[in-house]
file work04.txt (compact mmCIF, C-alpha atoms)
# COMPACT_ATOMS: atom_id res chain seq x y z
CA MET H 1 25.72 78.59 48.71
CA TRP H 2 29.17 79.27 47.30
CA GLY H 3 29.89 83.02 47.43
CA GLU H 4 28.23 84.33 44.28
CA THR H 5 26.87 80.99 43.15
CA ARG H 6 23.15 81.05 42.34
CA VAL H 7 20.56 78.41 41.45
CA GLU H 8 18.07 79.70 38.92
CA THR H 9 15.42 78.33 36.62
CA SER H 10 14.66 79.69 33.20
CA ALA H 11 11.15 80.58 32.04
CA SER H 12 11.01 77.20 30.27
CA GLY H 13 11.88 75.36 33.46
CA VAL H 14 15.40 74.40 32.33
CA PRO H 15 17.80 74.52 35.29
CA ARG H 16 20.68 76.91 35.14
CA PRO H 17 23.91 75.70 36.72
CA ALA H 18 24.78 76.48 40.31
CA VAL H 19 28.55 76.33 39.96
CA PRO H 20 31.21 78.65 41.33
CA GLN H 21 32.12 81.64 39.22
CA THR H 22 34.75 83.31 41.40
CA ALA H 23 38.23 82.33 42.52
CA GLY H 24 37.07 82.39 46.14
CA ALA H 25 34.21 80.04 45.38
CA ALA H 26 36.57 77.69 43.54
CA ARG H 27 38.84 77.57 46.59
CA ALA H 28 35.82 76.83 48.80
CA ILE H 29 34.89 73.86 46.60
CA HIS H 30 38.44 72.56 46.79
CA ARG H 31 38.45 72.82 50.60
CA ALA H 32 35.04 71.13 50.83
CA ARG H 33 36.25 68.26 48.69
CA GLU H 34 39.42 67.82 50.72
CA ALA H 35 37.33 67.78 53.90
CA ALA H 36 34.99 65.16 52.44
CA LEU H 37 37.96 62.93 51.58
CA VAL H 38 39.05 62.74 55.22
CA GLY H 39 35.54 62.56 56.64
CA ASP H 40 35.41 66.12 58.00
CA ARG H 41 32.50 68.50 57.69
CA PRO H 42 33.37 71.40 55.39
CA ALA H 43 32.88 74.99 56.49
CA VAL H 44 30.76 75.58 53.39
CA ALA H 45 28.72 72.67 52.04
CA PRO H 46 28.92 71.70 48.36
CA ARG H 47 25.87 71.79 46.14
CA ALA H 48 23.42 69.04 47.12
CA GLU H 49 23.91 66.95 43.97
CA ILE H 50 27.70 67.20 44.24
CA GLY H 51 27.76 66.33 47.94
CA ALA H 52 25.48 63.33 47.35
CA SER H 53 27.71 62.16 44.52
CA TRP H 54 30.87 62.50 46.64
CA ASP H 55 29.18 60.37 49.33
CA ARG H 56 28.31 57.66 46.81
CA VAL H 57 31.78 57.67 45.30
CA LEU H 58 33.48 57.52 48.70
CA ARG H 59 31.38 54.50 49.63
CA SER H 60 32.28 52.81 46.34
CA GLY H 61 35.99 53.08 47.15
CA ILE H 62 37.08 55.27 44.23
CA ASP H 63 40.62 56.61 44.71
CA PRO H 64 40.72 60.41 44.14
CA ASP H 65 44.23 60.05 42.74
CA GLN H 66 43.40 57.26 40.33
CA SER H 67 43.55 57.53 36.57
CA THR H 68 40.34 57.92 34.57
CA GLU H 69 41.52 55.17 32.22
CA SER H 70 39.03 52.36 31.61
CA PRO H 71 39.01 49.33 29.31
CA LEU H 72 37.49 50.40 25.99
CA LEU H 73 34.77 48.48 24.22
CA ASP H 74 35.98 46.97 20.98
CA VAL H 75 34.85 48.46 17.69
CA ASP H 76 32.29 45.74 16.96
CA GLU H 77 30.65 46.19 20.38
CA ILE H 78 30.49 49.97 19.94
CA GLU H 79 28.81 49.53 16.55
CA HIS H 80 26.38 46.99 17.99
CA ARG H 81 25.38 49.40 20.77
CA ARG H 82 25.01 52.25 18.29
CA ARG H 83 22.68 50.20 16.10
CA SER H 84 20.71 48.99 19.12
CA SER H 85 20.24 52.46 20.59
CA THR H 86 17.32 54.70 19.63
CA LEU H 87 19.74 57.59 20.14
CA GLY H 88 21.32 56.62 16.83
CA GLU H 89 18.11 57.74 15.10
CA VAL H 90 18.44 61.27 16.49
CA MET H 91 22.20 61.71 16.14
CA PRO H 92 21.71 64.04 13.12
CA LEU H 93 19.59 66.30 15.36
CA LEU H 94 22.16 66.17 18.17
CA ASN H 95 24.94 66.94 15.70
CA ASP H 96 23.02 69.90 14.31
CA GLY H 97 22.13 71.17 17.77
CA LEU H 98 25.44 70.88 19.57
CA VAL H 99 28.51 70.02 17.50
CA ALA H 100 29.04 73.39 15.80
CA LEU H 101 28.47 75.21 19.10
CA ALA H 102 30.80 72.85 20.93
CA ASP H 103 33.50 73.38 18.35
CA ALA H 104 33.17 77.17 18.55
CA ALA H 105 33.22 77.03 22.37
CA GLN H 106 36.37 74.86 22.45
CA GLN H 107 34.38 71.91 23.75
CA ILE H 108 33.15 68.53 22.53
CA MET H 109 29.77 66.79 22.48
CA VAL H 110 29.68 63.31 24.02
CA VAL H 111 26.76 60.86 23.81
CA THR H 112 26.66 57.75 25.99
CA ASP H 113 24.35 54.80 26.46
CA VAL H 114 22.56 54.01 29.72
CA GLU H 115 25.72 52.31 31.06
CA CYS H 116 27.64 55.57 30.54
CA ARG H 117 29.70 54.02 27.75
CA VAL H 118 30.73 56.64 25.20
CA LEU H 119 29.17 55.81 21.82
CA TRP H 120 29.72 59.07 19.95
CA ARG H 121 31.85 62.18 20.38
CA ARG H 122 32.21 65.20 18.12
CA GLY H 123 33.57 68.74 18.36
CA ASN H 124 36.77 70.74 18.58
CA ALA H 125 39.74 68.77 17.23
CA GLY H 126 42.15 70.07 19.86
CA VAL H 127 39.79 69.22 22.72
CA LEU H 128 39.22 65.74 21.25
CA ARG H 129 42.96 65.15 21.53
CA ARG H 130 42.94 66.38 25.13
CA ALA H 131 39.96 64.16 25.85
CA ASP H 132 42.02 61.15 24.81
CA ASP H 133 44.40 61.97 27.68
CA VAL H 134 41.60 61.46 30.25
CA CYS H 135 40.05 58.51 28.34
CA LEU H 136 36.95 60.48 27.30
CA ALA H 137 37.00 58.28 24.22
CA GLU H 138 34.54 56.13 22.30
CA GLY H 139 33.94 52.93 24.26
CA ALA H 140 35.15 54.34 27.60
CA ALA H 141 33.21 54.00 30.88
CA TRP H 142 32.06 57.21 32.60
CA ALA H 143 29.72 55.92 35.28
CA GLU H 144 30.31 57.23 38.81
CA GLU H 145 31.46 53.83 40.02
CA SER H 146 34.32 53.83 37.52
CA THR H 147 35.26 57.51 37.11
CA GLY H 148 33.87 59.23 40.21
CA THR H 149 31.78 62.39 40.21
CA ASN H 150 31.39 63.70 36.65
CA ALA H 151 28.49 65.19 34.73
CA ILE H 152 27.77 62.06 32.67
CA GLY H 153 27.74 59.56 35.53
CA THR H 154 26.13 61.90 38.05
CA ALA H 155 23.35 62.90 35.62
CA LEU H 156 22.56 59.23 35.12
CA VAL H 157 22.28 58.57 38.87
CA SER H 158 20.36 61.77 39.70
CA ARG H 159 18.26 61.56 36.50
CA VAL H 160 18.40 65.35 36.07
CA PRO H 161 20.73 67.69 34.14
CA VAL H 162 24.00 68.28 36.00
CA GLN H 163 26.98 70.57 35.54
CA VAL H 164 30.29 69.61 37.19
CA HIS H 165 33.13 72.09 37.17
CA SER H 166 36.81 71.78 38.04
CA SER H 167 37.40 70.41 41.56
CA GLU H 168 33.76 69.34 41.88
CA HIS H 169 35.05 66.29 40.00
CA PHE H 170 36.06 63.63 42.51
CA VAL H 171 39.14 62.41 40.62
CA ARG H 172 41.88 65.04 40.55
CA THR H 173 42.76 64.29 36.92
CA LEU H 174 39.50 65.98 35.90
CA HIS H 175 39.99 69.23 37.82
CA SER H 176 41.07 70.97 34.64
CA TRP H 177 37.75 70.07 32.97
CA THR H 178 34.17 71.37 32.99
CA CYS H 179 31.19 69.38 31.78
CA ALA H 180 27.40 69.64 31.52
CA ALA H 181 25.16 66.64 30.87
CA ALA H 182 21.45 65.85 30.54
CA PRO H 183 19.68 62.48 30.49
CA VAL H 184 17.61 61.47 27.48
CA ARG H 185 14.52 59.34 28.17
CA ASP H 186 12.57 57.23 25.73
CA PRO H 187 9.11 58.89 25.60
CA ARG H 188 7.57 55.53 24.67
CA ASP H 189 8.31 53.87 28.00
CA GLY H 190 10.06 56.47 30.17
CA ARG H 191 13.28 54.50 30.33
CA MET H 192 16.64 56.21 30.25
CA MET H 193 18.37 55.85 26.87
CA GLY H 194 21.60 57.66 27.60
CA ILE H 195 23.31 60.95 28.31
CA VAL H 196 24.15 63.98 26.17
CA ASP H 197 27.17 65.92 27.41
CA MET H 198 29.33 68.90 26.54
CA SER H 199 32.84 68.86 27.98
CA GLY H 200 35.94 70.98 27.66
CA PRO H 201 38.80 72.63 29.51
CA ALA H 202 37.75 74.35 32.73
CA SER H 203 38.56 77.72 31.17
CA THR H 204 35.69 77.19 28.68
CA PHE H 205 33.00 77.09 31.41
CA HIS H 206 29.88 79.07 30.54
CA PRO H 207 26.74 79.31 32.72
CA THR H 208 24.37 78.69 29.79
CA THR H 209 25.92 75.38 28.70
CA LEU H 210 23.67 73.27 30.92
CA ALA H 211 20.52 74.96 29.62
CA LEU H 212 21.72 74.37 26.04
CA VAL H 213 22.44 70.68 26.61
CA SER H 214 19.11 70.21 28.42
CA SER H 215 17.18 71.86 25.57
CA VAL H 216 18.84 69.68 22.92
CA ALA H 217 18.12 66.55 24.98
CA ARG H 218 14.43 67.54 25.11
CA LEU H 219 14.44 68.12 21.34
CA ALA H 220 15.82 64.61 20.85
CA GLU H 221 13.01 63.19 23.00
CA SER H 222 10.46 65.18 21.01
CA GLU H 223 11.82 63.78 17.73
CA ILE H 224 11.55 60.21 19.06
CA ARG H 225 7.99 60.94 20.21
CA ASN H 226 7.00 62.20 16.76
CA ARG H 227 8.43 59.11 15.09
CA HIS H 228 6.55 56.94 17.55
CA LEU H 229 3.22 58.65 16.78
CA GLN H 230 3.80 58.02 13.08
CA ALA H 231 4.48 54.33 13.79
CA ILE H 232 1.26 54.09 15.86
CA ASP H 233 -0.70 55.56 12.95
CA ARG H 234 0.74 52.92 10.61
CA LEU H 235 -0.15 50.13 13.05
CA ARG H 236 -3.68 51.53 13.50
CA SER H 237 -4.33 51.43 9.76
CA VAL H 238 -3.59 47.70 9.81
CA ALA H 239 -5.11 46.78 13.18
CA ALA H 240 -8.34 48.79 13.38
CA PRO H 241 -10.24 46.85 10.65
CA LEU H 242 -9.07 43.57 12.15
CA VAL H 243 -10.03 44.42 15.75
CA CYS H 244 -13.48 45.64 14.71
CA ARG H 245 -14.32 42.17 13.35
CA LEU H 246 -13.43 40.38 16.58
CA GLY H 247 -15.90 39.50 19.30
CA GLY H 248 -15.17 39.91 22.99
CA ARG H 249 -12.42 42.07 24.40
CA ALA H 250 -9.37 42.74 22.25
CA LEU H 251 -6.81 45.43 21.57
CA ALA H 252 -3.85 46.12 19.33
CA VAL H 253 -0.73 47.69 20.80
CA ASP H 254 2.74 48.50 19.55
CA THR H 255 5.84 46.74 20.92
CA HIS H 256 5.93 49.20 23.83
CA GLY H 257 2.27 48.62 24.73
CA TRP H 258 0.83 51.87 23.32
CA LEU H 259 -2.74 51.49 22.08
CA ALA H 260 -3.56 51.50 18.38
CA ALA H 261 -7.06 49.96 18.41
CA VAL H 262 -9.51 48.45 20.92
CA THR H 263 -12.89 46.74 21.05
CA GLY H 264 -15.15 45.46 23.83
CA MET H 265 -13.36 47.34 26.63
CA PRO H 266 -12.49 50.89 27.69
CA PRO H 267 -9.43 52.28 25.91
CA VAL H 268 -6.15 52.71 27.78
CA ASP H 269 -3.20 54.83 26.78
CA ARG H 270 -0.70 52.05 27.32
CA LEU H 271 -0.79 48.37 28.27
CA PRO H 272 2.18 47.16 30.37
CA LEU H 273 3.87 44.28 28.54
CA PRO H 274 6.42 41.69 29.67
CA LYS H 275 10.00 42.30 28.56
CA SER H 276 9.92 39.28 26.26
CA LEU H 277 6.39 38.90 24.90
CA ARG H 278 5.79 35.94 22.60
CA PRO H 279 2.76 34.64 20.69
CA GLY H 280 0.47 32.26 22.54
CA ARG H 281 -1.29 32.24 25.91
CA VAL H 282 0.14 34.91 28.21
CA TRP H 283 -0.96 36.10 31.63
CA LEU H 284 -0.96 39.93 31.86
CA PRO H 285 -1.49 41.47 35.33
CA SER H 286 -3.87 44.15 34.08
CA LEU H 287 -6.03 41.82 31.95
CA GLY H 288 -5.56 38.24 33.14
CA MET H 289 -5.06 35.38 30.68
CA CYS H 290 -4.79 36.53 27.06
CA ARG H 291 -4.05 35.17 23.62
CA VAL H 292 -1.30 37.10 21.84
CA GLU H 293 -0.66 37.22 18.10
CA PRO H 294 1.95 39.30 16.22
CA LEU H 295 1.04 42.25 14.01
CA PRO H 296 3.34 44.37 11.83
CA GLY H 297 4.90 46.69 14.42
CA GLY H 298 2.96 45.37 17.40
CA TRP H 299 0.65 42.77 18.94
CA LEU H 300 -2.99 41.70 18.79
CA ILE H 301 -4.18 40.78 22.30
CA GLN H 302 -7.47 38.98 22.93
CA VAL H 303 -8.63 38.66 26.54
CA ALA H 304 -9.69 35.17 27.56
CA GLU H 305 -13.24 35.06 28.89
CA GLY H 306 -14.21 33.09 31.99
CA PRO H 307 -11.95 32.01 34.89
CA SER H 308 -8.25 32.55 34.26
CA ASP H 309 -5.44 30.43 35.58
CA GLY H 310 -1.91 31.53 36.36
CA ALA H 311 -2.81 34.13 39.00
CA PRO H 312 0.18 35.91 40.56
CA GLN H 313 1.90 34.15 43.44
CA ARG H 314 4.76 36.49 44.34
CA VAL H 315 5.72 40.16 44.08
CA VAL H 316 9.32 41.37 44.21
CA LEU H 317 9.74 45.09 44.86
CA ASP H 318 13.26 45.95 43.69
CA LEU H 319 14.53 49.19 45.26
CA SER H 320 18.21 48.28 45.03
CA ARG H 321 19.01 50.82 42.29
CA PRO H 322 17.62 54.38 42.46
CA ARG H 323 17.52 54.63 38.67
CA GLY H 324 15.97 51.19 38.15
CA LEU H 325 12.96 50.91 40.46
CA THR H 326 10.77 47.95 39.47
CA VAL H 327 8.07 45.60 40.70
CA ASN H 328 8.30 42.00 39.45
CA VAL H 329 5.10 39.95 39.41
CA VAL H 330 5.73 36.20 39.42
CA GLY H 331 2.95 33.81 38.46
CA ALA H 332 2.51 30.24 37.27
CA VAL H 333 2.98 31.28 33.64
CA GLY H 334 6.04 33.46 34.07
CA THR H 335 7.38 36.78 35.35
CA TRP H 336 6.27 40.29 34.43
CA THR H 337 8.13 43.52 35.30
CA GLN H 338 6.77 47.05 35.72
CA ARG H 339 9.05 50.06 36.10
CA LEU H 340 8.05 52.38 38.93
CA SER H 341 8.05 56.11 39.46
CA PRO H 342 9.64 57.20 42.78
CA ARG H 343 6.16 57.99 44.17
CA HIS H 344 4.75 54.58 43.28
CA ALA H 345 7.85 52.94 44.75
CA GLU H 346 7.21 54.80 48.02
CA LEU H 347 3.59 53.65 48.12
CA LEU H 348 4.40 50.01 47.38
CA TYR H 349 7.18 50.09 49.98
CA ALA H 350 4.74 51.38 52.60
CA LEU H 351 2.28 48.61 51.71
CA ALA H 352 5.04 46.00 51.86
CA LEU H 353 5.82 47.13 55.43
CA HIS H 354 2.16 46.77 56.41
CA PRO H 355 0.75 43.47 55.08
CA GLU H 356 -2.40 44.06 57.12
CA GLY H 357 -3.15 47.06 54.89
CA ARG H 358 -3.27 50.86 55.16
CA THR H 359 -6.10 53.32 54.89
CA ALA H 360 -5.78 56.32 52.60
CA SER H 361 -5.07 58.59 55.56
CA GLU H 362 -2.42 56.24 56.93
CA LEU H 363 -0.70 56.14 53.55
CA ALA H 364 -0.91 59.93 53.33
CA GLN H 365 0.89 60.11 56.67
CA ASP H 366 3.48 57.55 55.47
CA ILE H 367 4.21 59.39 52.23
CA PHE H 368 3.58 63.08 52.95
CA GLY H 369 3.59 63.31 56.72
CA ASP H 370 0.07 64.73 56.32
CA ALA H 371 -2.90 62.44 56.93
CA THR H 372 -5.26 64.83 55.11
CA ARG H 373 -3.74 64.26 51.66
CA THR H 374 -6.00 61.32 50.91
CA VAL H 375 -7.11 62.56 47.49
CA THR H 376 -3.56 62.40 46.16
CA VAL H 377 -3.03 58.94 47.64
CA ARG H 378 -6.25 57.57 46.14
CA ALA H 379 -5.35 59.00 42.72
CA GLU H 380 -1.89 57.44 42.77
CA ILE H 381 -3.20 54.06 43.95
CA SER H 382 -5.80 54.16 41.17
CA ARG H 383 -3.04 54.73 38.61
CA MET H 384 -1.04 51.79 39.98
CA ARG H 385 -4.06 49.49 39.95
CA ARG H 386 -4.40 49.98 36.20
CA HIS H 387 -1.24 47.87 35.91
CA LEU H 388 -1.25 45.90 39.17
CA ALA H 389 -4.93 45.19 39.78
CA GLN H 390 -4.24 41.47 40.14
CA VAL H 391 -1.91 41.97 43.12
CA LEU H 392 -3.29 45.09 44.86
CA ALA H 393 -6.44 44.99 46.98
CA HIS H 394 -8.31 47.88 48.59
CA ARG H 395 -10.47 48.63 51.65
CA PRO H 396 -7.83 48.82 53.08
CA TYR H 397 -5.07 49.17 50.50
CA ARG H 398 -2.81 46.11 50.63
CA PHE H 399 -1.19 43.35 48.63
CA GLY H 400 -3.47 40.38 47.94
CA GLU H 401 -3.75 37.84 50.73
CA ASP H 402 -2.27 35.00 48.64
CA VAL H 403 0.61 37.07 47.29
CA GLU H 404 4.08 36.68 48.79
CA VAL H 405 5.93 40.03 48.89
CA GLU H 406 9.72 40.50 48.87
CA VAL H 407 11.58 43.83 49.00
CA ILE H 408 15.12 44.05 47.61
CA HIS H 409 16.98 46.84 49.44
CA PRO H 410 20.13 48.65 48.28
CA ASP H 411 23.42 47.55 49.82
CA HIS H 412 23.60 50.70 51.94
CA PRO H 413 20.50 51.91 53.84
CA ALA H 414 21.22 55.53 52.88
CA ASP H 415 20.67 54.61 49.21
CA LEU H 416 17.04 53.56 49.76
CA LEU H 417 15.06 55.92 47.48
CA PRO H 418 17.73 58.57 48.17
CA HIS H 419 15.68 61.53 46.93
CA SER H 420 12.55 60.58 48.87
CA THR H 421 11.32 62.70 51.78
CA ALA H 422 8.49 60.29 52.66
CA PRO H 423 8.53 59.66 56.44
CA VAL H 424 8.21 55.90 55.93
CA VAL H 425 11.37 55.91 53.78
CA VAL H 426 13.33 58.38 55.93
CA ARG H 427 12.73 56.18 58.97
CA ALA H 428 14.03 53.13 57.12
CA ARG H 429 17.15 54.97 55.92
CA THR H 430 18.06 56.04 59.43
CA ALA H 431 17.07 52.84 61.28
CA ASP H 432 19.87 51.04 63.06

call {"tool": "encode", "arguments": {"input": "work04.txt", "output": "structure tokens"}}
result
Amino acid sequence: MWGETRVETSASGVPRPAVPQTAGAARAIHRAREAALVGDRPAVAPRAEIGASWDRVLRSGIDPDQSTESPLLDVDEIEHRRRSSTLGEVMPLLNDGLVALADAAQQIMVVTDVECRVLWRRGNAGVLRRADDVCLAEGAAWAEESTGTNAIGTALVSRVPVQVHSSEHFVRTLHSWTCAAAPVRDPRDGRMMGIVDMSGPASTFHPTTLALVSSVARLAESEIRNRHLQAIDRLRSVAAPLVCRLGGRALAVDTHGWLAAVTGMPPVDRLPLPKSLRPGRVWLPSLGMCRVEPLPGGWLIQVAEGPSDGAPQRVVLDLSRPRGLTVNVVGAVGTWTQRLSPRHAELLYALALHPEGRTASELAQDIFGDATRTVTVRAEISRMRRHLAQVLAHRPYRFGEDVEVEVIHPDHPADLLPHSTAPVVVRARTAD
């Protein structure tokens, strides 16, 4: 801990910032950063998320004395990204929730896409001019790999709200700034849509800014969720009469796979769909061979009866990017991709290391270091099998005998599921 720095959580679960609030603490941060730059161990460690970010940035070769300038997207590209982003639908809410407060606090609101490209910025006119000096401008890149440790880029990597103050920034140019950012996820598929940030001169730091930004990000997600439920209701009104007249197994889903109507089979909340679904015969891992037809706002899917061809031949477990964990199922009729939670990535990684299979107790030891936690393991495997039943076998748990499995690792072993404490992952990160 830094002097009088504290980590707290509000009653609503929103994290409060753990940043230095005294001159002594600020000097300690500066000394810790200088030690990290030369490979020394600081007398007082930085906050965990800041230290992890410094490590990533050092490995990427960022120069602490570099400029924060980056090539800007052209106007047409910025407009294209704005129109393509769901965040554009909730910009009125973000403006109402943050812009007036940012202006009064001598700060600005910044909204980026998932590549940390600035798409919108609003707020205090004077701070907007100062932001131009550090290239915090529309179209600029603020990912860690281009600008070092900063709230926008670090929140995207860590996938949690982050506040970065003064010399916690890796690049010295930003030491006169403070920023707080929160990721915004699409509630329809869990994917990251972008980052909402409040930034300003370091003198404008306030300990409640992170909680404010986090709350507004959650409000934006809630608004998107409400709009989605309305769209599902519209699809249901069209699809339900049609599905009821069909024989066999069939269901209607929206473009994200959420169920609107079903017949002949148990209902599911959501059906995993390929990235580019088209009408015709399609093999879906959770259902087998299906016939797909378009509906207004979704798809009608009829399950083929009898033996199905196109069974999966290969599974690619991609763990190369902590914020983009996926499993790719490759079959005779194409490729299908499923995004993974960190826990499911751990389980599939353990199974990939043991093609002969693992019992529930062995997996519990792999993941939790506690062989008795079999109930949790069985529940998680059951959830995965809803989407991956065609490639996962059980008794013992394993990949199917005819399925080739490949694991894509990150470039640096330390970046393998970096937030995981599972023994099977920790061993792999530290293996020579």

call {"tool": "closest_residue", "arguments": {"input": "work04.txt", "among": "H:Ala180, H:Ala48, H:Ala125, H:Ala371", "to": "Ala151 of chain H", "atoms": "only C-alpha atoms"}}
result
H:Ala180

call {"tool": "closest_residue", "arguments": {"input": "work04.txt", "among": "H:Gln106, H:Thr149, H:Ser320, H:Ser85", "to": "Asp63 of chain H", "atoms": "only C-alpha atoms"}}
result
H:Thr149

call {"tool": "closest_residue", "arguments": {"input": "work04.txt", "among": "H:Leu156, H:Gly148, H:Ser420, H:Trp336", "to": "Arg314 of chain H", "atoms": "only C-alpha atoms"}}
result
H:Trp336

call {"tool": "closest_residue", "arguments": {"input": "work04.txt", "among": "H:Val292, H:Leu174, H:Leu317, H:Ala220", "to": "Leu251 of chain H", "atoms": "all atoms listed in the file"}}
result
H:Val292

call {"tool": "closest_residue", "arguments": {"input": "work04.txt", "among": "H:Arg278, H:His419, H:Arg122, H:Arg227", "to": "Gly200 of chain H", "atoms": "only C-alpha atoms"}}
result
H:Arg122

call {"tool": "residues_around", "arguments": {"input": "work04.txt", "residues": "Arg172 of chain H", "least_positions_apart": "6", "cutoff": "8 Å", "atoms": "all atoms listed in the file", "output": "list in words"}}
result
Pro64, Asp65 and Gln66 of chain H

call {"tool": "closest_residue", "arguments": {"input": "work04.txt", "among": "H:Met109, H:Leu348, H:Leu87, H:Val238", "to": "Ile224 of chain H", "atoms": "all atoms listed in the file"}}
result
H:Leu87

call {"tool": "residues_around", "arguments": {"input": "work04.txt", "residues": "Arg185 of chain H", "least_positions_apart": "4", "cutoff": "9 Å", "atoms": "all atoms listed in the file", "output": "compact mmCIF listing (two decimals) with C-alpha atoms, keeping the file's coordinate frame"}}
result
# COMPACT_ATOMS: atom_id res chain seq x y z
CA ASP H 189 8.31 53.87 28.00
CA GLY H 190 10.06 56.47 30.17
CA ARG H 191 13.28 54.50 30.33
CA MET H 192 16.64 56.21 30.25
CA MET H 193 18.37 55.85 26.87
CA GLY H 194 21.60 57.66 27.60
CA ILE H 195 23.31 60.95 28.31
CA ALA H 217 18.12 66.55 24.98
CA ARG H 218 14.43 67.54 25.11
CA GLU H 221 13.01 63.19 23.00

call {"tool": "residues_around", "arguments": {"input": "work04.txt", "residues": "Leu242 of chain H", "least_positions_apart": "2", "cutoff": "10 Å", "atoms": "all atoms listed in the file", "output": "list in words"}}
result
Arg236, Ser237, Val238, Ala239, Ala240, Cys244, Arg245, Leu246, Leu251, Ala252, Ala261 and Leu300 of chain H

call {"tool": "residues_near_point", "arguments": {"input": "work04.txt", "point": "(25.1, 56.0, 17.9)", "cutoff": "7 Å", "atoms": "all atoms listed in the file", "output": "JSON, numbers by chain"}}
result
{"H": [82, 83, 85, 87, 88, 91, 119, 120]}

call {"tool": "residues_around", "arguments": {"input": "work04.txt", "residues": "Ala104 of chain H", "least_positions_apart": "3", "cutoff": "9 Å", "atoms": "only C-alpha atoms", "output": "ChimeraX atom specification"}}
result
/H:99-101,107,123-124

call {"tool": "axis_aligned_box", "arguments": {"input": "work04.txt", "around": "segment 390-393 of chain H", "padding_each_side": "8 Å", "output": "lines of an AutoDock Vina configuration file"}}
result
center_x = -4.2
center_y = 43.3
center_z = 43.6
size_x = 20.5
size_y = 19.6
size_z = 22.8

call {"tool": "residues_around", "arguments": {"input": "work04.txt", "residues": "segment 55-59 of chain H", "least_positions_apart": "4", "cutoff": "9 Å", "atoms": "all atoms listed in the file", "output": "PyMOL selection string"}}
result
chain H and resi 36-37+50-51+63+144-145+147-149+170+412+415

call {"tool": "atom_distance", "arguments": {"input": "work04.txt", "atom1": "atom CA of Glu380 of chain H", "atom2": "atom CA of Arg343 of chain H"}}
result
8.2 Å

call {"tool": "atom_distance", "arguments": {"input": "work04.txt", "atom1": "atom CA of Lys275 of chain H", "atom2": "atom CA of Ser341 of chain H"}}
result
17.7 Å

call {"tool": "atom_distance", "arguments": {"input": "work04.txt", "atom1": "atom CA of Asp132 of chain H", "atom2": "atom CA of Ser167 of chain H"}}
result
19.7 Å
